[in-house]
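Source file work-v9.pdb; content: PDB, C-alpha atoms.
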```
MODEL        1
ATOM      1  CA  MET A   1      38.907 239.286  39.181  1.00  0.00           C
ATOM      2  CA  ALA A   2      40.338 237.756  42.339  1.00  0.00           C
ATOM      3  CA  LYS A   3      43.012 235.108  41.987  1.00  0.00           C
ATOM      4  CA  THR A   4      41.860 231.490  42.056  1.00  0.00           C
ATOM      5  CA  PHE A   5      43.807 228.352  42.914  1.00  0.00           C
ATOM      6  CA  LYS A   6      43.783 225.068  41.019  1.00  0.00           C
ATOM      7  CA  GLY A   7      43.580 221.860  43.020  1.00  0.00           C
ATOM      8  CA  ILE A   8      42.854 218.141  43.116  1.00  0.00           C
ATOM      9  CA  ASP A   9      41.663 215.747  45.806  1.00  0.00           C
ATOM     10  CA  VAL A  10      42.993 212.216  46.166  1.00  0.00           C
ATOM     11  CA  SER A  11      42.642 209.058  48.254  1.00  0.00           C
ATOM     12  CA  GLN A  12      43.850 205.459  48.210  1.00  0.00           C
ATOM     13  CA  TYR A  13      42.126 205.120  44.831  1.00  0.00           C
ATOM     14  CA  GLN A  14      44.891 207.201  43.256  1.00  0.00           C
ATOM     15  CA  GLN A  15      48.202 205.382  43.740  1.00  0.00           C
ATOM     16  CA  ASN A  16      51.769 205.947  42.583  1.00  0.00           C
ATOM     17  CA  ILE A  17      51.161 209.653  42.057  1.00  0.00           C
ATOM     18  CA  ASP A  18      54.090 211.692  40.777  1.00  0.00           C
ATOM     19  CA  PHE A  19      53.373 214.882  42.713  1.00  0.00           C
ATOM     20  CA  LYS A  20      56.287 216.693  41.082  1.00  0.00           C
ATOM     21  CA  LYS A  21      54.551 216.289  37.718  1.00  0.00           C
ATOM     22  CA  VAL A  22      51.264 217.318  39.318  1.00  0.00           C
ATOM     23  CA  LYS A  23      52.890 220.505  40.620  1.00  0.00           C
ATOM     24  CA  ALA A  24      54.568 221.196  37.266  1.00  0.00           C
ATOM     25  CA  SER A  25      51.201 220.895  35.504  1.00  0.00           C
ATOM     26  CA  GLY A  26      49.954 223.990  37.333  1.00  0.00           C
ATOM     27  CA  VAL A  27      48.151 222.441  40.294  1.00  0.00           C
ATOM     28  CA  ASP A  28      48.472 224.580  43.435  1.00  0.00           C
ATOM     29  CA  PHE A  29      47.031 222.324  46.137  1.00  0.00           C
ATOM     30  CA  VAL A  30      45.816 218.827  46.973  1.00  0.00           C
ATOM     31  CA  ILE A  31      43.158 217.762  49.472  1.00  0.00           C
ATOM     32  CA  ILE A  32      44.065 214.284  50.750  1.00  0.00           C
ATOM     33  CA  ARG A  33      41.681 211.793  52.297  1.00  0.00           C
ATOM     34  CA  ALA A  34      42.941 211.095  55.806  1.00  0.00           C
ATOM     35  CA  GLY A  35      40.462 208.272  56.345  1.00  0.00           C
ATOM     36  CA  TYR A  36      36.942 207.381  57.392  1.00  0.00           C
ATOM     37  CA  GLY A  37      35.112 205.912  60.366  1.00  0.00           C
ATOM     38  CA  LYS A  38      35.955 205.883  64.060  1.00  0.00           C
ATOM     39  CA  TYR A  39      38.714 203.271  64.213  1.00  0.00           C
ATOM     40  CA  ALA A  40      42.427 203.926  63.844  1.00  0.00           C
ATOM     41  CA  ASN A  41      42.753 201.203  61.207  1.00  0.00           C
ATOM     42  CA  GLN A  42      40.351 203.141  58.978  1.00  0.00           C
ATOM     43  CA  LYS A  43      43.004 205.734  58.276  1.00  0.00           C
ATOM     44  CA  ASP A  44      43.530 205.944  54.527  1.00  0.00           C
ATOM     45  CA  PRO A  45      46.459 203.575  53.792  1.00  0.00           C
ATOM     46  CA  TYR A  46      47.945 206.109  51.358  1.00  0.00           C
ATOM     47  CA  PHE A  47      47.482 209.212  53.532  1.00  0.00           C
ATOM     48  CA  GLU A  48      51.010 209.321  54.935  1.00  0.00           C
ATOM     49  CA  ARG A  49      52.567 208.594  51.546  1.00  0.00           C
ATOM     50  CA  HIS A  50      50.430 211.181  49.752  1.00  0.00           C
ATOM     51  CA  TYR A  51      51.058 213.821  52.409  1.00  0.00           C
ATOM     52  CA  LYS A  52      54.829 213.379  52.404  1.00  0.00           C
ATOM     53  CA  ALA A  53      55.133 213.329  48.609  1.00  0.00           C
ATOM     54  CA  ALA A  54      52.809 216.305  48.080  1.00  0.00           C
ATOM     55  CA  LYS A  55      54.700 218.397  50.608  1.00  0.00           C
ATOM     56  CA  ALA A  56      58.044 217.394  49.080  1.00  0.00           C
ATOM     57  CA  ALA A  57      56.773 218.547  45.687  1.00  0.00           C
ATOM     58  CA  GLY A  58      55.889 221.981  47.088  1.00  0.00           C
ATOM     59  CA  LEU A  59      52.117 221.578  46.925  1.00  0.00           C
ATOM     60  CA  LYS A  60      49.811 223.119  49.513  1.00  0.00           C
ATOM     61  CA  VAL A  61      47.859 220.442  51.394  1.00  0.00           C
ATOM     62  CA  GLY A  62      44.480 219.974  53.076  1.00  0.00           C
ATOM     63  CA  ALA A  63      42.624 216.865  54.210  1.00  0.00           C
ATOM     64  CA  TYR A  64      39.145 215.374  54.449  1.00  0.00           C
ATOM     65  CA  TRP A  65      37.490 212.666  56.545  1.00  0.00           C
ATOM     66  CA  TYR A  66      34.516 210.592  55.376  1.00  0.00           C
ATOM     67  CA  VAL A  67      32.178 210.633  58.371  1.00  0.00           C
ATOM     68  CA  GLU A  68      29.303 208.579  59.749  1.00  0.00           C
ATOM     69  CA  ASP A  69      29.521 209.065  63.549  1.00  0.00           C
ATOM     70  CA  ALA A  70      30.710 212.652  63.937  1.00  0.00           C
ATOM     71  CA  LYS A  71      31.737 212.759  67.592  1.00  0.00           C
ATOM     72  CA  ALA A  72      33.809 209.573  67.638  1.00  0.00           C
ATOM     73  CA  GLU A  73      35.266 210.113  64.196  1.00  0.00           C
ATOM     74  CA  ALA A  74      36.389 213.675  64.847  1.00  0.00           C
ATOM     75  CA  GLN A  75      38.859 212.432  67.436  1.00  0.00           C
ATOM     76  CA  THR A  76      40.046 209.628  65.143  1.00  0.00           C
ATOM     77  CA  CYS A  77      40.639 212.222  62.428  1.00  0.00           C
ATOM     78  CA  ILE A  78      42.544 214.479  64.834  1.00  0.00           C
ATOM     79  CA  ASN A  79      44.739 211.555  65.853  1.00  0.00           C
ATOM     80  CA  ALA A  80      45.448 210.732  62.205  1.00  0.00           C
ATOM     81  CA  ILE A  81      46.512 214.249  61.206  1.00  0.00           C
ATOM     82  CA  LYS A  82      48.332 215.402  64.351  1.00  0.00           C
ATOM     83  CA  GLY A  83      51.931 216.518  63.983  1.00  0.00           C
ATOM     84  CA  LYS A  84      51.424 217.704  60.402  1.00  0.00           C
ATOM     85  CA  THR A  85      50.839 221.110  58.831  1.00  0.00           C
ATOM     86  CA  PHE A  86      47.969 221.824  56.448  1.00  0.00           C
ATOM     87  CA  GLU A  87      47.660 224.959  54.335  1.00  0.00           C
ATOM     88  CA  TYR A  88      44.039 224.101  53.512  1.00  0.00           C
ATOM     89  CA  PRO A  89      41.132 223.245  55.827  1.00  0.00           C
ATOM     90  CA  ILE A  90      40.271 219.836  57.219  1.00  0.00           C
ATOM     91  CA  TYR A  91      36.914 218.905  55.708  1.00  0.00           C
ATOM     92  CA  PHE A  92      33.985 216.881  56.987  1.00  0.00           C
ATOM     93  CA  ASP A  93      32.794 214.761  54.026  1.00  0.00           C
ATOM     94  CA  LEU A  94      29.000 214.470  54.177  1.00  0.00           C
ATOM     95  CA  GLU A  95      27.406 212.399  51.417  1.00  0.00           C
ATOM     96  CA  GLU A  96      25.623 209.365  52.891  1.00  0.00           C
ATOM     97  CA  ARG A  97      21.953 209.117  51.869  1.00  0.00           C
ATOM     98  CA  SER A  98      21.180 207.479  55.215  1.00  0.00           C
ATOM     99  CA  GLN A  99      22.362 210.660  56.918  1.00  0.00           C
ATOM    100  CA  PHE A 100      20.325 212.926  54.667  1.00  0.00           C
ATOM    101  CA  ALA A 101      17.263 210.761  55.310  1.00  0.00           C
ATOM    102  CA  LYS A 102      17.358 211.820  58.959  1.00  0.00           C
ATOM    103  CA  GLY A 103      16.705 215.428  58.031  1.00  0.00           C
ATOM    104  CA  ARG A 104      18.208 218.879  58.258  1.00  0.00           C
ATOM    105  CA  ALA A 105      18.485 219.128  62.036  1.00  0.00           C
ATOM    106  CA  PHE A 106      20.404 215.860  62.174  1.00  0.00           C
ATOM    107  CA  CYS A 107      22.779 216.872  59.363  1.00  0.00           C
ATOM    108  CA  ASN A 108      23.372 220.288  60.929  1.00  0.00           C
ATOM    109  CA  SER A 109      24.234 218.563  64.185  1.00  0.00           C
ATOM    110  CA  LEU A 110      26.694 216.206  62.469  1.00  0.00           C
ATOM    111  CA  VAL A 111      28.523 219.071  60.815  1.00  0.00           C
ATOM    112  CA  LYS A 112      28.688 221.200  63.940  1.00  0.00           C
ATOM    113  CA  THR A 113      29.833 218.309  66.139  1.00  0.00           C
ATOM    114  CA  PHE A 114      32.681 217.314  63.841  1.00  0.00           C
ATOM    115  CA  CYS A 115      33.787 220.808  62.827  1.00  0.00           C
ATOM    116  CA  ASN A 116      33.629 222.235  66.356  1.00  0.00           C
ATOM    117  CA  ALA A 117      35.827 219.371  67.591  1.00  0.00           C
ATOM    118  CA  LEU A 118      38.359 220.136  64.846  1.00  0.00           C
ATOM    119  CA  GLU A 119      38.295 223.843  65.687  1.00  0.00           C
ATOM    120  CA  HIS A 120      38.785 223.088  69.372  1.00  0.00           C
ATOM    121  CA  ALA A 121      41.903 221.118  68.409  1.00  0.00           C
ATOM    122  CA  GLY A 122      43.285 224.107  66.463  1.00  0.00           C
ATOM    123  CA  TYR A 123      42.219 223.336  62.892  1.00  0.00           C
ATOM    124  CA  TRP A 124      40.353 225.336  60.268  1.00  0.00           C
ATOM    125  CA  ALA A 125      37.329 223.095  59.710  1.00  0.00           C
ATOM    126  CA  GLY A 126      35.135 222.801  56.638  1.00  0.00           C
ATOM    127  CA  LEU A 127      32.284 220.918  55.013  1.00  0.00           C
ATOM    128  CA  TYR A 128      32.425 218.998  51.723  1.00  0.00           C
ATOM    129  CA  ILE A 129      28.995 218.296  50.234  1.00  0.00           C
ATOM    130  CA  SER A 130      27.199 218.185  46.890  1.00  0.00           C
ATOM    131  CA  ARG A 131      25.189 221.244  45.955  1.00  0.00           C
ATOM    132  CA  SER A 132      21.706 219.663  45.989  1.00  0.00           C
ATOM    133  CA  PRO A 133      21.865 218.109  49.492  1.00  0.00           C
ATOM    134  CA  LEU A 134      23.623 221.242  50.717  1.00  0.00           C
ATOM    135  CA  GLN A 135      20.559 223.265  49.789  1.00  0.00           C
ATOM    136  CA  GLN A 136      18.146 220.674  51.203  1.00  0.00           C
ATOM    137  CA  TYR A 137      19.793 219.468  54.386  1.00  0.00           C
ATOM    138  CA  ILE A 138      22.187 222.153  55.623  1.00  0.00           C
ATOM    139  CA  SER A 139      20.955 225.421  57.099  1.00  0.00           C
ATOM    140  CA  ALA A 140      22.397 228.628  55.676  1.00  0.00           C
ATOM    141  CA  TYR A 141      24.002 229.598  58.986  1.00  0.00           C
ATOM    142  CA  VAL A 142      25.835 226.238  59.216  1.00  0.00           C
ATOM    143  CA  ALA A 143      27.003 226.466  55.591  1.00  0.00           C
ATOM    144  CA  LYS A 144      28.349 229.947  56.258  1.00  0.00           C
ATOM    145  CA  ARG A 145      29.940 229.054  59.598  1.00  0.00           C
ATOM    146  CA  TYR A 146      32.607 226.702  58.206  1.00  0.00           C
ATOM    147  CA  ALA A 147      34.808 226.569  55.104  1.00  0.00           C
ATOM    148  CA  LEU A 148      32.477 225.313  52.366  1.00  0.00           C
ATOM    149  CA  TRP A 149      33.597 222.979  49.560  1.00  0.00           C
ATOM    150  CA  VAL A 150      30.757 222.380  47.100  1.00  0.00           C
ATOM    151  CA  ALA A 151      30.626 219.518  44.601  1.00  0.00           C
ATOM    152  CA  GLU A 152      28.688 220.092  41.392  1.00  0.00           C
ATOM    153  CA  TYR A 153      29.950 218.712  38.109  1.00  0.00           C
ATOM    154  CA  GLY A 154      29.683 220.875  35.035  1.00  0.00           C
ATOM    155  CA  SER A 155      30.642 224.294  33.741  1.00  0.00           C
ATOM    156  CA  ARG A 156      29.338 226.248  36.726  1.00  0.00           C
ATOM    157  CA  CYS A 157      28.378 225.919  40.371  1.00  0.00           C
ATOM    158  CA  ASN A 158      24.747 226.831  40.901  1.00  0.00           C
ATOM    159  CA  TYR A 159      24.945 227.359  44.652  1.00  0.00           C
ATOM    160  CA  GLY A 160      23.891 230.963  45.183  1.00  0.00           C
ATOM    161  CA  ARG A 161      25.472 231.578  48.576  1.00  0.00           C
ATOM    162  CA  THR A 162      29.084 232.069  49.604  1.00  0.00           C
ATOM    163  CA  TYR A 163      31.519 229.167  49.243  1.00  0.00           C
ATOM    164  CA  GLY A 164      35.284 228.810  49.211  1.00  0.00           C
ATOM    165  CA  MET A 165      35.953 225.861  46.924  1.00  0.00           C
ATOM    166  CA  TRP A 166      34.216 224.072  44.052  1.00  0.00           C
ATOM    167  CA  GLN A 167      34.759 220.477  42.911  1.00  0.00           C
ATOM    168  CA  TYR A 168      33.719 220.565  39.259  1.00  0.00           C
ATOM    169  CA  THR A 169      34.565 217.100  37.910  1.00  0.00           C
ATOM    170  CA  SER A 170      35.576 213.600  38.976  1.00  0.00           C
ATOM    171  CA  SER A 171      37.103 212.778  35.612  1.00  0.00           C
ATOM    172  CA  GLY A 172      39.970 215.248  35.411  1.00  0.00           C
ATOM    173  CA  LYS A 173      43.308 214.407  33.821  1.00  0.00           C
ATOM    174  CA  VAL A 174      46.529 215.606  35.424  1.00  0.00           C
ATOM    175  CA  SER A 175      50.119 214.812  34.539  1.00  0.00           C
ATOM    176  CA  GLY A 176      51.590 212.486  37.145  1.00  0.00           C
ATOM    177  CA  ILE A 177      48.316 210.655  37.912  1.00  0.00           C
ATOM    178  CA  SER A 178      47.111 207.552  36.081  1.00  0.00           C
ATOM    179  CA  GLY A 179      43.381 207.609  35.406  1.00  0.00           C
ATOM    180  CA  ASN A 180      40.802 210.144  36.527  1.00  0.00           C
ATOM    181  CA  VAL A 181      41.092 212.553  39.426  1.00  0.00           C
ATOM    182  CA  ASP A 182      38.743 215.033  41.106  1.00  0.00           C
ATOM    183  CA  MET A 183      39.429 218.645  40.133  1.00  0.00           C
ATOM    184  CA  ASP A 184      38.801 221.715  42.268  1.00  0.00           C
ATOM    185  CA  ILE A 185      38.949 225.483  42.100  1.00  0.00           C
ATOM    186  CA  CYS A 186      39.545 227.453  45.290  1.00  0.00           C
ATOM    187  CA  TYR A 187      38.564 231.116  45.594  1.00  0.00           C
ATOM    188  CA  VAL A 188      40.100 231.768  49.020  1.00  0.00           C
ATOM    189  CA  ASP A 189      43.752 232.179  49.951  1.00  0.00           C
ATOM    190  CA  TYR A 190      43.460 229.612  52.723  1.00  0.00           C
ATOM    191  CA  PRO A 191      47.241 229.218  53.170  1.00  0.00           C
ATOM    192  CA  ALA A 192      47.569 232.903  54.081  1.00  0.00           C
ATOM    193  CA  LYS A 193      44.521 232.881  56.347  1.00  0.00           C
ATOM    194  CA  ILE A 194      45.482 229.666  58.132  1.00  0.00           C
ATOM    195  CA  LYS A 195      49.092 230.702  58.695  1.00  0.00           C
ATOM    196  CA  ALA A 196      48.065 234.166  59.868  1.00  0.00           C
ATOM    197  CA  ALA A 197      45.689 232.606  62.397  1.00  0.00           C
ATOM    198  CA  GLY A 198      48.251 230.057  63.587  1.00  0.00           C
ATOM    199  CA  LEU A 199      46.012 227.073  62.799  1.00  0.00           C
ATOM    200  CA  ASN A 200      46.558 223.601  61.283  1.00  0.00           C
ATOM    201  CA  GLY A 201      49.927 223.110  62.938  1.00  0.00           C
ATOM    202  CA  PHE A 202      51.373 226.509  61.986  1.00  0.00           C
ATOM    203  CA  LYS A 203      52.643 229.114  64.421  1.00  0.00           C
ATOM    204  CA  LYS A 204      50.779 232.399  64.166  1.00  0.00           C
ATOM    205  CA  GLN A 205      52.360 234.863  61.752  1.00  0.00           C
ATOM    206  CA  ALA A 206      51.416 238.047  59.976  1.00  0.00           C
ATOM    207  CA  ILE A 207      50.367 237.139  56.423  1.00  0.00           C
ATOM    208  CA  ARG A 208      47.683 239.125  54.676  1.00  0.00           C
ATOM    209  CA  PRO A 209      45.025 237.082  52.811  1.00  0.00           C
ATOM    210  CA  THR A 210      44.470 238.180  49.235  1.00  0.00           C
ATOM    211  CA  ASN A 211      40.872 237.283  48.446  1.00  0.00           C
ATOM    212  CA  LYS A 212      37.473 236.285  49.768  1.00  0.00           C
ATOM    213  CA  PRO A 213      34.946 233.484  49.248  1.00  0.00           C
ATOM    214  CA  THR A 214      32.958 233.625  46.056  1.00  0.00           C
ATOM    215  CA  THR A 215      29.355 233.236  45.064  1.00  0.00           C
ATOM    216  CA  SER A 216      28.048 231.733  41.846  1.00  0.00           C
ATOM    217  CA  SER A 217      27.585 235.212  40.430  1.00  0.00           C
ATOM    218  CA  THR A 218      31.295 236.070  40.693  1.00  0.00           C
ATOM    219  CA  LYS A 219      33.161 232.859  39.885  1.00  0.00           C
ATOM    220  CA  LYS A 220      34.393 232.043  36.413  1.00  0.00           C
ATOM    221  CA  THR A 221      33.358 228.893  34.573  1.00  0.00           C
ATOM    222  CA  VAL A 222      35.658 226.016  33.647  1.00  0.00           C
TER
ENDMDL
END
```
Mind turning this structure into structure tokens?
Amino acid sequence: MAKTFKGIDVSQYQQNIDFKKVKASGVDFVIIRAGYGKYANQKDPYFERHYKAAKAAGLKVGAYWYVEDAKAEAQTCINAIKGKTFEYPIYFDLEERSQFAKGRAFCNSLVKTFCNALEHAGYWAGLYISRSPLQQYISAYVAKRYALWVAEYGSRCNYGRTYGMWQYTSSGKVSGISGNVDMDICYVDYPAKIKAAGLNGFKKQAIRPTNKPTTSSTKKTV
């Protein structure tokens, strides 16, 4: 079975994290909320602190942006993350019911607008979304086009197509973090792929990726 990677995702709602303890507990990576919205002051107030501490602890890092207006917010996200290096993709967080209510074509357009802007700026872009709305409101070709991070809480992910990462609980416990934290399993060696491609602030280098995205029929349960 291909190697998997254990991760968490955090935001301003997790404070005073001891990332050295997180790393020592066996966590490989952390996806950090960079912010939300289209204004500079909507940058997550703990983003810089989380990024610096996670990197210092030796954790691999990615980021996500909670989005409403994709075009304007993509540039705000790019401004917030510039000058940093990320071993994991930068994810578009799509979960507003008001967005889903506008239908599949609208949601596809949101994802493509945001992710294409990130790609144009030199980032590996992805989509974070729960499994049910993913199946209802995102076309298969859009889901396949970008790095896919699926949220579905329980012992297995029931999304039948290819995906790279699975968020399986919001009530995880990790040494170094007070309270609950989201837990993730990644099936793709994004650090190798991103560094080899020279994306996310890295200079292009020859590193061979070790594994591929998974489907629900090949992943192991938690």
Mind telling me what the PyMOL selection byres ((chain A and resi 12-20) around 9) catches here, as a ChimeraX atom specification? /A:10-11,21-25,33,44-47,50,53-59,175-181
Contacts of Tyr88 (chain A) within 8 Å, only C-alpha atoms, excl. fewer than 5 positions in-chain, as a list in words: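 Answer for this query is Ile31, Lys60, Val61, Gly62, Ala63, Trp124, Tyr190, Pro191 and Ile194 of chain A.
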Expand the PyMOL selection byres ((chain A and resi 36) around 7) into the individual residues it matches in the shown file, reporting them as a PyMOL selection string. chain A and resi 35+37-38+42-43+65-67
Once the PyMOL selection byres ((chain A and resi 122) around 8) has been applied to the shown file, what residues remain in the selection, as a ChimeraX atom specification? /A:118-121,123-124,199-201
Hey, which of A:Ala140, A:Leu134, A:Val188, A:Ala197 ends up closest to Asn158 (chain A)? Count all atoms listed in the file.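 Closest to Asn158 (chain A) of all the choices is A:Leu134.
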Please enclose the listed atoms of region 133-146 of chain A in an axis-aligned box, pad each side by 5 Å, and write out the centre and the three edge lengths in Å, rounded to one decimal, as AutoDock Vina command-line options.
```
--center_x 25.4 --center_y 224.0 --center_z 54.5 --size_x 24.5 --size_y 21.8 --size_z 20.1
```
Just the number, please: distance in Å from CA of Leu110 (chain A) to CA of Ala151 (chain A), one decimal. 18.6 Å
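CA of Asn108 (chain A) lies 6.8 Å from CA of Ser139 (chain A).
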Could you state the separation of CA of Tyr159 (chain A) and CA of Ser132 (chain A) in Å, given to one decimal place?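 Result for CA of Tyr159 (chain A) versus CA of Ser132 (chain A): 8.5 Å, one decimal.
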